[in-house]
Amino acid sequence: MKKEKRKLSAIQEKSSDLSTITMKLELTKEELGNVEKKITSLQHQIDYNSSEIEALSQEISNSVEPKIIAIQKEINEVNEVVNQISDSLFDSFCKKLHIANIREYEDQNMKSLFEQSEKINEFNKTISKLSNHIEFEQESLRMLQKSISTLQSSHAQSTQSLSDLQTKSDATKDIEQQTQDAKISI
């Protein structure tokens, strides 16, 4: 009997667990359905927005591109008028120089100025390098002169010491000679 009660209790427990799991499964399925509906709705919204963006982009392109082309054409026309005015103003100057128009003269001058600027930069670099080299050589010369001065001073001291020693040696020789002469006379 106890066994049956335990079995019955176990069955009821399992049945309760099964009911709970079944209920959770139903809720999860319902949630999944809601999420899928949201995904579908958002996908439709994305598709709609993409088509709107494409339509607006096309509309902007169709309305702006002709304006850009018109503005570019105006700019070209204004440039042409400016060139014609410049050509008429500088016509005699250009004829004297045997050039087609003032723009050709400006191009030549700009090229010449650019080349001169490059040469000046090269000269400045060379001057800088030479200045650095001169500074290095001057420092080397100062160090060499200092070494020579030290050697000369050392030489003078050595010469003086040698002279002092020579004097002492001569004095010692004189004393020895006097001592020998005194020994001989005794």
# chains A, B, ... in the order shown; residues from 1 in each chain; ligands from 1
call {"tool": "closest_atom_pairs", "arguments": {"of": "segment 45-91 of chain A", "to": "segment 97-118 of chain A", "cutoff": "7 Å", "atoms": "only C-alpha atoms", "output": "tab-separated table"}}
result
residue	atom	partner	partner_atom	distance
A:Ser86	CA	A:Ile102	CA	7.0
A:Asp87	CA	A:Asn101	CA	5.8
A:Phe90	CA	A:Ile102	CA	6.4
call {"tool": "atom_distance", "arguments": {"atom1": "atom CA of Glu65 of chain A", "atom2": "atom CA of Ile53 of chain A"}}
result
17.2 Å
